[in-house]
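The file upload.cif comes next; it holds mmCIF, C-alpha atoms.
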data_work
#
loop_
_atom_site.label_atom_id
_atom_site.label_comp_id
_atom_site.auth_asym_id
_atom_site.auth_seq_id
_atom_site.Cartn_x
_atom_site.Cartn_y
_atom_site.Cartn_z
CA MET J 28 0.00 0.00 0.00
CA HIS J 29 1.04 3.59 -0.58
CA LEU J 30 0.24 6.59 1.57
CA ALA J 31 -1.71 9.47 -0.03
CA GLN J 32 -1.68 12.87 1.64
CA LEU J 33 -3.56 16.06 0.91
CA ASN J 34 -3.27 19.38 2.68
CA VAL J 35 -4.87 22.74 2.08
CA ALA J 36 -4.09 26.31 3.10
CA ARG J 37 -5.96 29.61 2.67
CA LEU J 38 -3.84 32.45 1.26
CA LEU J 39 -3.73 35.82 3.06
CA ALA J 40 -3.38 37.60 -0.32
CA PRO J 41 -3.57 36.61 -4.02
CA LEU J 42 -0.85 34.27 -5.31
CA ASP J 43 0.62 36.96 -7.58
CA SER J 44 0.77 39.62 -4.86
CA PRO J 45 4.10 40.78 -3.34
CA GLU J 46 3.05 39.44 0.10
CA ILE J 47 3.05 35.90 -1.29
CA ALA J 48 6.13 36.26 -3.54
CA ASP J 49 8.47 34.49 -1.10
CA PHE J 50 6.13 31.50 -0.97
CA VAL J 51 5.88 31.30 -4.77
CA ASN J 52 9.65 31.58 -5.12
CA LEU J 53 10.12 28.73 -2.65
CA LEU J 54 7.84 26.37 -4.63
CA GLU J 55 10.54 25.33 -7.08
CA PRO J 56 13.29 24.45 -4.56
CA VAL J 57 10.84 22.72 -2.19
CA ASN J 58 9.21 20.72 -4.99
CA LYS J 59 12.69 19.67 -6.08
CA VAL J 60 13.40 18.36 -2.57
CA SER J 61 10.06 16.55 -2.49
CA ASP J 62 10.44 14.93 -5.91
CA ALA J 63 13.96 13.70 -5.08
CA ALA J 64 13.08 12.55 -1.54
CA PRO J 65 13.36 8.84 -0.69
CA GLY J 66 9.89 7.26 -0.84
CA PHE J 67 8.32 9.96 -3.02
CA VAL J 68 5.90 8.37 -5.49
CA TRP J 69 3.74 11.06 -7.11
CA ARG J 70 2.52 14.62 -6.74
CA LEU J 71 -0.30 16.48 -8.42
CA LYS J 72 1.30 19.24 -10.51
CA GLY J 73 -0.33 22.49 -11.53
CA GLY J 74 1.50 22.67 -14.84
CA GLU J 75 4.91 22.56 -16.49
CA ASP J 76 6.30 25.53 -14.56
CA PRO J 77 7.67 24.23 -11.23
CA ARG J 78 6.01 27.24 -9.58
CA ASP J 79 2.51 26.33 -10.82
CA THR J 80 0.15 25.42 -8.00
CA VAL J 81 -2.58 22.79 -8.27
CA LYS J 82 -5.58 24.05 -10.28
CA HIS J 83 -8.99 23.35 -8.77
CA ASP J 84 -12.54 24.64 -8.21
CA TYR J 85 -12.43 25.05 -4.44
CA GLY J 86 -11.73 28.79 -4.37
CA ASP J 87 -8.86 30.97 -5.64
CA ASP J 88 -7.42 31.50 -2.17
CA LEU J 89 -7.00 27.77 -1.51
CA VAL J 90 -3.56 26.22 -2.09
CA ILE J 91 -3.60 22.41 -2.29
CA ASN J 92 -0.72 19.96 -1.90
CA PHE J 93 -1.48 16.42 -2.97
CA SER J 94 1.12 13.63 -3.06
CA VAL J 95 1.71 9.90 -2.64
CA TRP J 96 4.50 8.29 -0.57
CA GLU J 97 5.83 4.81 0.12
CA SER J 98 5.40 5.04 3.89
CA ARG J 99 4.68 7.23 6.90
CA GLU J 100 8.40 7.51 7.58
CA THR J 101 9.32 8.79 4.11
CA LEU J 102 6.53 11.39 4.17
CA TRP J 103 7.52 12.42 7.72
CA ASN J 104 11.15 12.82 6.71
CA PHE J 105 10.17 15.09 3.84
CA VAL J 106 7.74 17.20 5.87
CA TYR J 107 9.77 17.59 9.06
CA ARG J 108 13.34 16.42 8.32
CA SER J 109 14.20 18.29 5.11
CA ALA J 110 14.49 21.81 3.70
CA HIS J 111 10.67 21.78 3.74
CA LEU J 112 10.61 22.41 7.52
CA PRO J 113 12.06 25.96 7.49
CA VAL J 114 9.46 26.85 4.84
CA LEU J 115 6.66 25.23 6.87
CA ARG J 116 7.72 27.38 9.84
CA ARG J 117 6.95 30.52 7.83
CA ARG J 118 3.37 29.43 6.97
CA LYS J 119 1.82 32.23 9.06
CA GLU J 120 3.38 34.82 6.76
CA TRP J 121 1.29 33.59 3.85
CA PHE J 122 -1.71 31.61 5.15
CA HIS J 123 -4.65 32.01 7.50
CA HIS J 124 -4.76 29.94 10.64
CA ILE J 125 -7.32 27.19 10.02
CA ALA J 126 -9.08 25.87 13.10
CA GLN J 127 -10.27 22.73 11.26
CA PRO J 128 -7.97 19.88 10.23
CA TYR J 129 -6.13 20.95 7.06
CA SER J 130 -4.09 17.82 6.38
CA VAL J 131 -5.31 14.27 5.76
CA MET J 132 -3.76 10.89 4.89
CA TRP J 133 -5.12 7.56 3.71
CA TRP J 134 -3.82 4.31 2.25
CA ILE J 135 -4.19 3.54 -1.46
CA PRO J 136 -3.24 0.49 -3.56
CA GLU J 137 0.17 0.85 -5.21
CA GLY J 138 -0.15 2.20 -8.74
CA HIS J 139 -3.44 3.98 -8.03
CA ILE J 140 -3.39 7.69 -8.89
CA PRO J 141 -6.00 9.29 -6.63
CA SER J 142 -8.26 12.06 -7.95
CA LEU J 143 -8.42 15.46 -6.32
CA ALA J 144 -12.13 14.90 -5.58
CA GLU J 145 -11.19 11.72 -3.70
CA GLY J 146 -8.65 13.66 -1.65
CA MET J 147 -11.08 16.44 -0.78
CA GLU J 148 -13.64 13.81 0.28
CA ARG J 149 -11.09 12.31 2.67
CA LEU J 150 -10.44 15.73 4.16
CA GLU J 151 -14.20 16.20 4.64
CA LEU J 152 -14.41 12.76 6.25
CA LEU J 153 -11.65 13.73 8.70
CA ARG J 154 -13.31 17.06 9.46
CA GLU J 155 -16.75 15.52 10.06
CA HIS J 156 -15.91 12.28 11.83
CA GLY J 157 -12.37 12.73 13.18
CA PRO J 158 -9.48 10.39 12.46
CA GLY J 159 -10.25 6.83 11.35
CA PRO J 160 -8.71 4.19 9.07
CA ARG J 161 -10.01 5.97 5.93
CA ALA J 162 -8.86 9.49 6.86
CA PHE J 163 -6.18 10.12 9.44
CA THR J 164 -3.22 12.29 10.47
CA PHE J 165 0.39 11.88 11.64
CA LYS J 166 -0.81 12.30 15.21
CA ASP J 167 -3.68 9.80 14.94
CA PHE J 168 -2.11 7.43 12.47
CA TYR J 169 -3.66 4.17 11.19
CA GLU J 170 -1.67 1.29 9.74
CA PRO J 171 -2.99 -0.20 6.45
CA GLY J 172 -5.79 -2.70 6.99
CA ALA J 173 -6.73 -1.24 10.38
CA SER J 174 -10.50 -1.47 10.76
CA SER J 175 -12.83 0.33 13.11
CA GLY J 176 -16.39 -0.36 14.24
CA THR J 177 -17.60 3.01 13.05
CA ASP J 178 -16.52 2.35 9.48
CA LEU J 179 -19.59 0.46 8.23
CA TYR J 180 -18.36 -0.09 4.69
CA GLU J 181 -15.08 -1.68 5.69
CA THR J 182 -16.64 -3.70 8.50
CA ALA J 183 -19.22 -5.15 6.11
CA ALA J 184 -16.61 -5.88 3.46
CA SER J 185 -14.32 -7.74 5.83
CA SER J 186 -17.00 -9.94 7.47
CA MET S 26 -4.06 4.24 16.49
CA ALA S 27 -0.55 5.29 17.37
CA GLY S 28 -0.39 7.42 20.47
CA PRO S 29 2.70 9.16 21.81
CA ARG S 30 5.37 6.64 22.71
CA ILE S 31 5.89 7.56 26.31
CA PRO S 32 7.89 4.87 28.05
CA ALA S 33 6.50 3.81 31.42
CA VAL S 34 8.37 5.38 34.31
CA SER S 35 8.95 1.96 35.84
CA SER S 36 10.38 0.19 32.75
CA ASP S 37 13.82 -1.38 33.12
CA ASP S 38 15.77 1.70 32.08
CA LEU S 39 18.00 1.24 35.12
CA GLY S 40 19.08 -2.20 33.84
CA ALA S 41 19.99 -0.73 30.44
CA VAL S 42 21.94 2.17 31.92
CA ALA S 43 23.67 -0.07 34.48
CA ALA S 44 25.16 -2.03 31.56
CA LEU S 45 27.40 1.00 30.98
CA ASN S 46 29.04 0.71 34.39
CA ASP S 47 32.04 -1.25 33.06
CA PRO S 48 34.64 1.31 31.83
CA VAL S 49 35.69 -0.71 28.76
CA ARG S 50 32.08 -1.32 27.78
CA ARG S 51 31.33 2.34 28.18
CA ALA S 52 34.29 3.28 25.98
CA VAL S 53 33.06 0.82 23.32
CA TYR S 54 29.55 2.31 23.51
CA GLU S 55 30.79 5.87 23.30
CA TYR S 56 32.97 5.04 20.32
CA VAL S 57 30.08 3.46 18.39
CA ILE S 58 27.63 6.31 19.01
CA SER S 59 30.23 8.96 18.19
CA GLN S 60 30.61 7.51 14.69
CA GLY S 61 26.95 7.92 13.69
CA ARG S 62 27.21 4.78 11.52
CA GLU S 63 27.68 1.02 11.80
CA VAL S 64 30.90 -0.10 13.47
CA GLY S 65 32.51 -3.54 13.15
CA ARG S 66 34.20 -5.55 15.93
CA ASN S 67 37.75 -4.98 14.70
CA GLU S 68 37.24 -1.26 14.42
CA ALA S 69 35.75 -1.00 17.92
CA ALA S 70 38.61 -3.11 19.35
CA GLU S 71 41.25 -0.91 17.75
CA ALA S 72 39.55 2.32 18.77
CA VAL S 73 39.31 1.29 22.42
CA GLY S 74 42.64 -0.59 22.51
CA VAL S 75 41.41 -4.03 23.57
CA GLN S 76 41.41 -7.52 22.05
CA ARG S 77 38.81 -8.23 19.38
CA THR S 78 37.15 -10.94 21.48
CA LEU S 79 36.77 -8.58 24.44
CA ALA S 80 35.32 -5.84 22.22
CA ALA S 81 32.90 -8.39 20.71
CA PHE S 82 31.85 -9.50 24.21
CA HIS S 83 31.04 -5.93 25.26
CA LEU S 84 29.32 -5.09 21.96
CA ASP S 85 27.02 -8.08 22.38
CA LYS S 86 26.34 -7.16 26.02
CA LEU S 87 25.32 -3.69 24.83
CA VAL S 88 22.94 -5.29 22.32
CA GLU S 89 21.47 -7.44 25.12
CA ALA S 90 20.89 -4.31 27.19
CA GLY S 91 19.08 -2.66 24.26
CA LEU S 92 21.65 0.12 23.85
CA LEU S 93 23.04 -1.01 20.47
CA GLU S 94 21.46 -2.90 17.62
CA PRO S 95 23.31 -5.44 15.50
CA ASP S 96 23.33 -6.01 11.76
CA PHE S 97 25.34 -8.05 9.26
CA LYS S 98 27.21 -6.33 6.52
CA ARG S 99 30.01 -6.99 4.08
CA LEU S 100 32.89 -4.78 5.12
CA GLY S 101 35.72 -4.04 2.72
CA GLU S 102 35.86 -3.75 -1.02
CA ARG S 103 35.35 -7.27 -2.25
CA THR S 104 31.89 -8.54 -3.17
CA GLY S 105 30.55 -11.72 -4.69
CA PRO S 106 31.91 -15.24 -4.15
CA GLY S 107 35.09 -15.39 -2.08
CA SER S 108 34.44 -12.12 -0.30
CA GLY S 109 33.68 -13.99 2.92
CA ARG S 110 30.61 -13.97 5.08
CA PRO S 111 29.13 -10.67 6.25
CA ALA S 112 30.62 -9.21 9.42
CA LYS S 113 28.59 -8.32 12.48
CA VAL S 114 28.23 -4.54 12.84
CA TYR S 115 26.66 -2.36 15.52
CA ARG S 116 24.88 0.99 15.68
CA ARG S 117 22.96 2.90 18.33
CA ALA S 118 19.54 1.43 19.14
CA PRO S 119 16.59 3.78 18.58
CA GLY S 120 15.11 3.53 22.09
CA GLU S 121 15.83 5.98 24.88
CA TRP S 122 16.63 5.23 28.50
CA GLN S 123 16.15 7.55 31.36
CA VAL S 124 16.89 6.92 34.99
CA SER S 125 15.77 9.07 37.85
CA VAL S 126 15.98 8.09 41.48
CA PRO S 127 13.42 8.72 42.91
CA PRO S 128 11.19 8.42 39.82
CA ARG S 129 10.50 11.68 38.00
CA ASP S 130 8.55 12.12 34.77
CA TYR S 131 9.09 15.44 33.02
CA ARG S 132 8.42 13.99 29.55
CA THR S 133 4.71 13.44 30.05
CA LEU S 134 4.19 16.91 31.47
CA ALA S 135 6.24 18.44 28.62
CA LEU S 136 3.99 16.66 26.10
CA VAL S 137 0.89 18.06 27.81
CA LEU S 138 2.36 21.58 27.82
CA ALA S 139 3.38 21.33 24.15
CA GLU S 140 -0.20 20.43 23.29
CA VAL S 141 -1.43 23.46 25.22
CA VAL S 142 0.98 25.76 23.33
CA ASP S 143 -0.35 24.32 20.04
CA LEU S 144 -3.97 24.80 21.11
CA LEU S 145 -3.35 28.39 22.18
CA GLY S 146 -1.32 29.18 19.05
CA GLY S 147 1.42 30.30 21.42
CA ASP S 148 4.42 29.15 19.39
CA GLU S 149 5.99 32.60 19.11
CA ARG S 150 5.89 33.09 22.87
CA ALA S 151 7.30 29.58 23.31
CA GLU S 152 10.21 30.43 20.98
CA GLN S 153 10.93 33.63 22.90
CA ALA S 154 10.95 31.70 26.17
CA ALA S 155 13.25 29.06 24.66
CA ARG S 156 15.65 31.76 23.50
CA ARG S 157 15.79 33.30 26.98
CA THR S 158 16.38 29.86 28.48
CA GLY S 159 19.20 29.19 26.03
CA ALA S 160 20.88 32.48 26.90
CA ARG S 161 20.73 31.59 30.61
CA LEU S 162 22.21 28.14 30.03
CA ALA S 163 25.37 29.36 28.27
CA ALA S 164 28.43 30.88 29.87
CA PRO S 165 29.92 34.03 28.28
CA GLY S 166 33.01 33.17 26.25
CA GLY S 167 32.25 29.43 26.50
CA GLU S 168 33.30 27.02 23.77
CA LEU S 169 30.40 26.12 21.43
CA GLY S 170 31.19 22.42 20.94
CA GLU S 171 31.61 21.83 24.67
CA THR S 172 28.45 23.78 25.52
CA LEU S 173 26.45 21.70 23.03
CA ARG S 174 28.01 18.44 24.24
CA ARG S 175 26.99 19.24 27.78
CA ARG S 176 23.41 19.80 26.63
CA GLY S 177 23.39 16.36 24.95
CA TYR S 178 23.50 17.43 21.30
CA GLU S 179 26.56 15.34 20.26
CA PRO S 180 28.09 17.90 17.88
CA TYR S 181 30.39 16.88 15.01
CA PRO S 182 32.08 18.94 12.28
CA GLU S 183 31.00 18.63 8.65
CA GLY S 184 32.29 20.92 5.93
CA GLY S 185 32.27 24.38 7.45
CA ASP S 186 29.41 23.48 9.79
CA LEU S 187 28.93 22.05 13.21
CA ARG S 188 26.09 19.51 13.03
CA LEU S 189 24.28 17.75 15.86
CA ARG S 190 23.91 14.00 15.88
CA ASN S 191 21.40 13.76 18.71
CA CYS S 192 18.05 15.42 19.33
CA PRO S 193 17.79 15.90 23.12
CA PHE S 194 14.02 16.42 22.78
CA HIS S 195 13.34 13.38 20.59
CA VAL S 196 10.02 12.14 22.04
CA LEU S 197 8.59 15.67 22.03
CA ALA S 198 9.90 16.40 18.54
CA GLU S 199 8.16 13.28 17.21
CA GLU S 200 4.86 14.42 18.70
CA HIS S 201 5.06 18.19 18.01
CA PRO S 202 7.80 18.56 15.36
CA LEU S 203 7.06 22.09 14.21
CA LEU S 204 6.82 23.55 17.72
CA VAL S 205 9.72 21.62 19.21
CA CYS S 206 12.12 22.16 16.29
CA SER S 207 11.30 25.89 16.30
CA MET S 208 11.87 26.06 20.06
CA ASN S 209 15.09 24.09 19.71
CA LEU S 210 16.39 26.54 17.10
CA ALA S 211 15.48 29.44 19.41
CA LEU S 212 17.22 27.71 22.32
CA CYS S 213 20.38 27.23 20.24
CA GLN S 214 20.28 30.88 19.17
CA GLY S 215 19.91 31.78 22.85
CA LEU S 216 22.96 29.66 23.70
CA LEU S 217 25.00 31.62 21.14
CA GLU S 218 23.65 34.87 22.50
CA GLY S 219 24.58 33.87 26.05
CA MET S 220 28.10 33.06 24.87
CA GLY S 221 28.36 36.49 23.28
CA ARG S 222 28.28 35.18 19.72
CA ASP S 223 26.17 35.78 16.62
CA PRO S 224 22.81 34.02 17.17
CA ASP S 225 22.25 33.76 13.41
CA ALA S 226 25.05 31.20 13.14
CA ALA S 227 22.37 28.65 14.16
CA ARG S 228 19.91 27.67 11.44
CA LEU S 229 17.25 25.05 10.81
CA ASP S 230 18.67 22.36 8.51
CA PRO S 231 16.96 19.11 9.47
CA ARG S 232 17.98 15.62 8.34
CA PRO S 233 16.44 12.24 9.10
CA GLY S 234 17.70 10.82 12.38
CA GLU S 235 19.57 13.96 13.53
CA CYS S 236 18.90 17.20 15.36
CA CYS S 237 17.23 19.89 13.21
CA VAL S 238 19.78 22.64 13.94
CA ALA S 239 23.19 23.23 12.34
CA PHE S 240 25.77 25.92 13.13
CA SER S 241 27.89 27.68 10.56
CA LYS S 242 31.44 28.04 11.85
CA ASN S 243 32.29 31.10 9.76
CA ASN S 244 32.46 33.36 12.79
CA GLU S 245 34.10 30.76 15.04
CA ASN S 246 37.50 32.42 15.17
#
Translate the structure of the given file into C-alpha cells.
Amino acid sequence: MHLAQLNVARLLAPLDSPEIADFVNLLEPVNKVSDAAPGFVWRLKGGEDPRDTVKHDYGDDLVINFSVWESRETLWNFVYRSAHLPVLRRRKEWFHHIAQPYSVMWWIPEGHIPSLAEGMERLELLREHGPGPRAFTFKDFYEPGASSGTDLYETAASS
Amino acid sequence: MAGPRIPAVSSDDLGAVAALNDPVRRAVYEYVISQGREVGRNEAAEAVGVQRTLAAFHLDKLVEAGLLEPDFKRLGERTGPGSGRPAKVYRRAPGEWQVSVPPRDYRTLALVLAEVVDLLGGDERAEQAARRTGARLAAPGGELGETLRRRGYEPYPEGGDLRLRNCPFHVLAEEHPLLVCSMNLALCQGLLEGMGRDPDAARLDPRPGECCVAFSKNNEN
C-alpha cells in the first residue's frame, strides 16, 4: 500500500501579490526536494512551470498539496526532516490559521493515482468524523488494513 | 491508532543504563555512538585498545541491554563469491533510557504543555521563552562544541558546519515537530547569544535521524 496525503491552506493575499512572492519563489526548490526525496511516489502538478500550483474549483485562495508516498516515515522525513521544515515554519506569513484539520492521509493500492475529488472527500471525512482508518493524520495514524467499528463499509466488506 | 510513545516510568531503564558501568564497555559504547554509523568488531577493538574478542563480548552485552542494535554487513571492497561472510556490525539502538531516582517524569508533562501551546497558538511566545532559556544556560566566552556536548547534542564537524547527531528532545519532537524544532532553534540561538556570539550562526537544517539545527562556523574564530 502507498500513503496518499492532501493538505490545504488559505492564502492571506492573491498568489501573484508581493506578500506571497516568497512562498511562490520557494515552490521550485521545495518541490525539487520533495520529488527527489526517498519514498516519493507522485505529486499532483499544476502545470509545467515548477512554480505552478494545483488548479482546482475550491476557491482561488486555496492552495492544495497532494502527493503519494511509500510510507509514513518517508513522508515524515520530507515534511519535518528536510528543507521543507524551514518553509513550513513561515506558513503564518502567507496563510490564515485554520481551526479545522487541514491535512489528511489515507492508504491507497500501489499504482493507483487518486483524484483530487477523492482527496477532498477524505479531508471532509476527517473534518466531520475525526481520524479513522479511511482518513487520518500523523498524530492519529492508522496502519494499512486497520479497521474500526464506526466504518460500516469496511466492516461489512471484511466480514 | 498510534499514540505518543511515552515509556513507562517503571520500565527497566536502570538495567539498560547499568550495563554502561564497566569502563571498557562504556568506551566501546561511546565510540560506536560517536561515529553515527555502523561499526565492526575490529574497528571497535582498535579504537578502544582491547582484544577483538573482548570488544565483541562488550558489543554483544550492549545489544542485550538494548543500547546497540546489530546487523550483518560486508565490510571491505570485495563482493561476490570469495568475499567472505558478512561481518557483524553495531549501531545505536533507537530507544531511549532515562533513569531518575526517585522516579520523575518530566516527559509526560512536557507533552501536555506542548499540546497546550499548540492549542493556544502560542508558538511565538514559546520560541521567545526558549531563546531566553538558552541564553541563561550558556556561559559568556564558553566554547560552542563543549556547551552543546553538555546539553546532549553530540556535535560533530561537517564541511564548514557544526552539526548535531542527537536530538535531546526526541520524544517531544516526534509528537510536536514544528513547535519543538522551532523552540530548539530558538534555544540554540539563545545559547549563542549567552556566549556572546552571533545568534544567526544557528539555522534550521533538518535531516532524518539527527537534530534539526546546524551551526555555521564562519564566525568561530
Per residue of chain J within 12 Å of chain S, which atom pair is closest and at what distance in Å (one decimal), using all atoms listed in the file, listed by chain and increasing number, as a tab-separated table?
residue	atom	partner	partner_atom	distance
J:Ala64	CA	S:Pro233	CA	11.2
J:Pro65	CA	S:Pro233	CA	10.8
J:Arg99	CA	S:Ala27	CA	11.9
J:Glu100	CA	S:Pro233	CA	9.5
J:Thr101	CA	S:Pro233	CA	9.4
J:Leu102	CA	S:Pro233	CA	11.1
J:Trp103	CA	S:Pro233	CA	9.0
J:Asn104	CA	S:Pro233	CA	5.8
J:Phe105	CA	S:Pro233	CA	8.7
J:Val106	CA	S:Pro202	CA	9.6
J:Tyr107	CA	S:Pro202	CA	6.7
J:Arg108	CA	S:Pro231	CA	4.7
J:Ser109	CA	S:Pro231	CA	5.2
J:Ala110	CA	S:Asp230	CA	6.4
J:His111	CA	S:Pro231	CA	8.9
J:Leu112	CA	S:Pro231	CA	7.4
J:Pro113	CA	S:Leu229	CA	6.2
J:Val114	CA	S:Leu229	CA	10.0
J:Leu115	CA	S:Leu203	CA	8.0
J:Arg116	CA	S:Leu203	CA	6.9
J:Arg117	CA	S:Leu203	CA	10.6
J:Arg118	CA	S:Leu203	CA	11.0
J:Lys119	CA	S:Glu149	CA	10.9
J:His124	CA	S:Gly146	CA	9.1
J:Ile125	CA	S:Gly146	CA	11.0
J:Ala126	CA	S:Leu144	CA	9.6
J:Gln127	CA	S:Leu144	CA	11.9
J:Pro158	CA	S:Met26	CA	9.1
J:Gly159	CA	S:Met26	CA	8.5
J:Pro160	CA	S:Met26	CA	8.8
J:Ala162	CA	S:Met26	CA	12.0
J:Phe163	CA	S:Met26	CA	9.4
J:Thr164	CA	S:Met26	CA	10.1
J:Phe165	CA	S:Glu200	CA	8.7
J:Lys166	CA	S:Glu200	CA	7.0
J:Asp167	CA	S:Met26	CA	5.8
J:Phe168	CA	S:Met26	CA	5.5
J:Tyr169	CA	S:Met26	CA	5.3
J:Glu170	CA	S:Met26	CA	7.7
J:Pro171	CA	S:Met26	CA	11.0
J:Gly172	CA	S:Met26	CA	11.9
J:Ala173	CA	S:Met26	CA	8.6
J:Ser174	CA	S:Met26	CA	10.3
J:Ser175	CA	S:Met26	CA	10.2
Give, as lines of an AutoDock Vina configuration file, the centre coordinates and the x, y and z edge lengths in Å to one decimal for an axis-aligned box around all listed atoms of segment 77-96 of chain J, padded by 4 Å on each side.
center_x = -2.4
center_y = 19.9
center_z = -5.9
size_x = 28.2
size_y = 31.2
size_z = 18.7
Restrict the calculation to all atoms listed in the file, then for each residue of segment 26-140 of chain S with any atom at most 12 Å from an atom of segment 147-150 of chain S give the closest atom pair and their distance in Å to one decimal, rows by chain and rising residue number, as a Markdown table.
| residue | atom | partner | partner_atom | distance |
| --- | --- | --- | --- | --- |
| S:Leu138 | CA | S:Gly147 | CA | 10.9 |
| S:Ala139 | CA | S:Asp148 | CA | 9.2 |
| S:Glu140 | CA | S:Gly147 | CA | 10.2 |
Using Å and a single decimal, report how far atom CA of Lys59 of chain J sits from atom CA of Leu33 of chain J.
18.1 Å
Would you kindly translate the PyMOL selection byres ((chain S and resi 221) around 9) into the concrete residues it picks from this file, as a ChimeraX atom specification?
/S:164-167,216-220,222-224
As a count of residues only, please: the residues near segment 46-56 of chain J (cut-off 8 Å, only C-alpha atoms, same-chain neighbours under 6 positions excluded).
5
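Distances from S:Leu39, S:Val205, S:Val141, S:Leu212 to Arg176 of chain S were compared using only C-alpha atoms, and the smallest one belongs to S:Leu212.
Minimum atom-to-atom distance to Ser241 of chain S, evaluated using only C-alpha atoms, belongs to S:Leu187 out of S:Leu187, S:Cys192, S:Leu145, S:Val88.
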Would you mind telling me which residue in J:Asn58, J:Ser44, J:Thr80, J:Ser142 lies nearest to Ala31 of chain J when using all atoms listed in the file?
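Comparing J:Asn58, J:Ser44, J:Thr80, J:Ser142 against Ala31 of chain J, the winner is J:Ser142.
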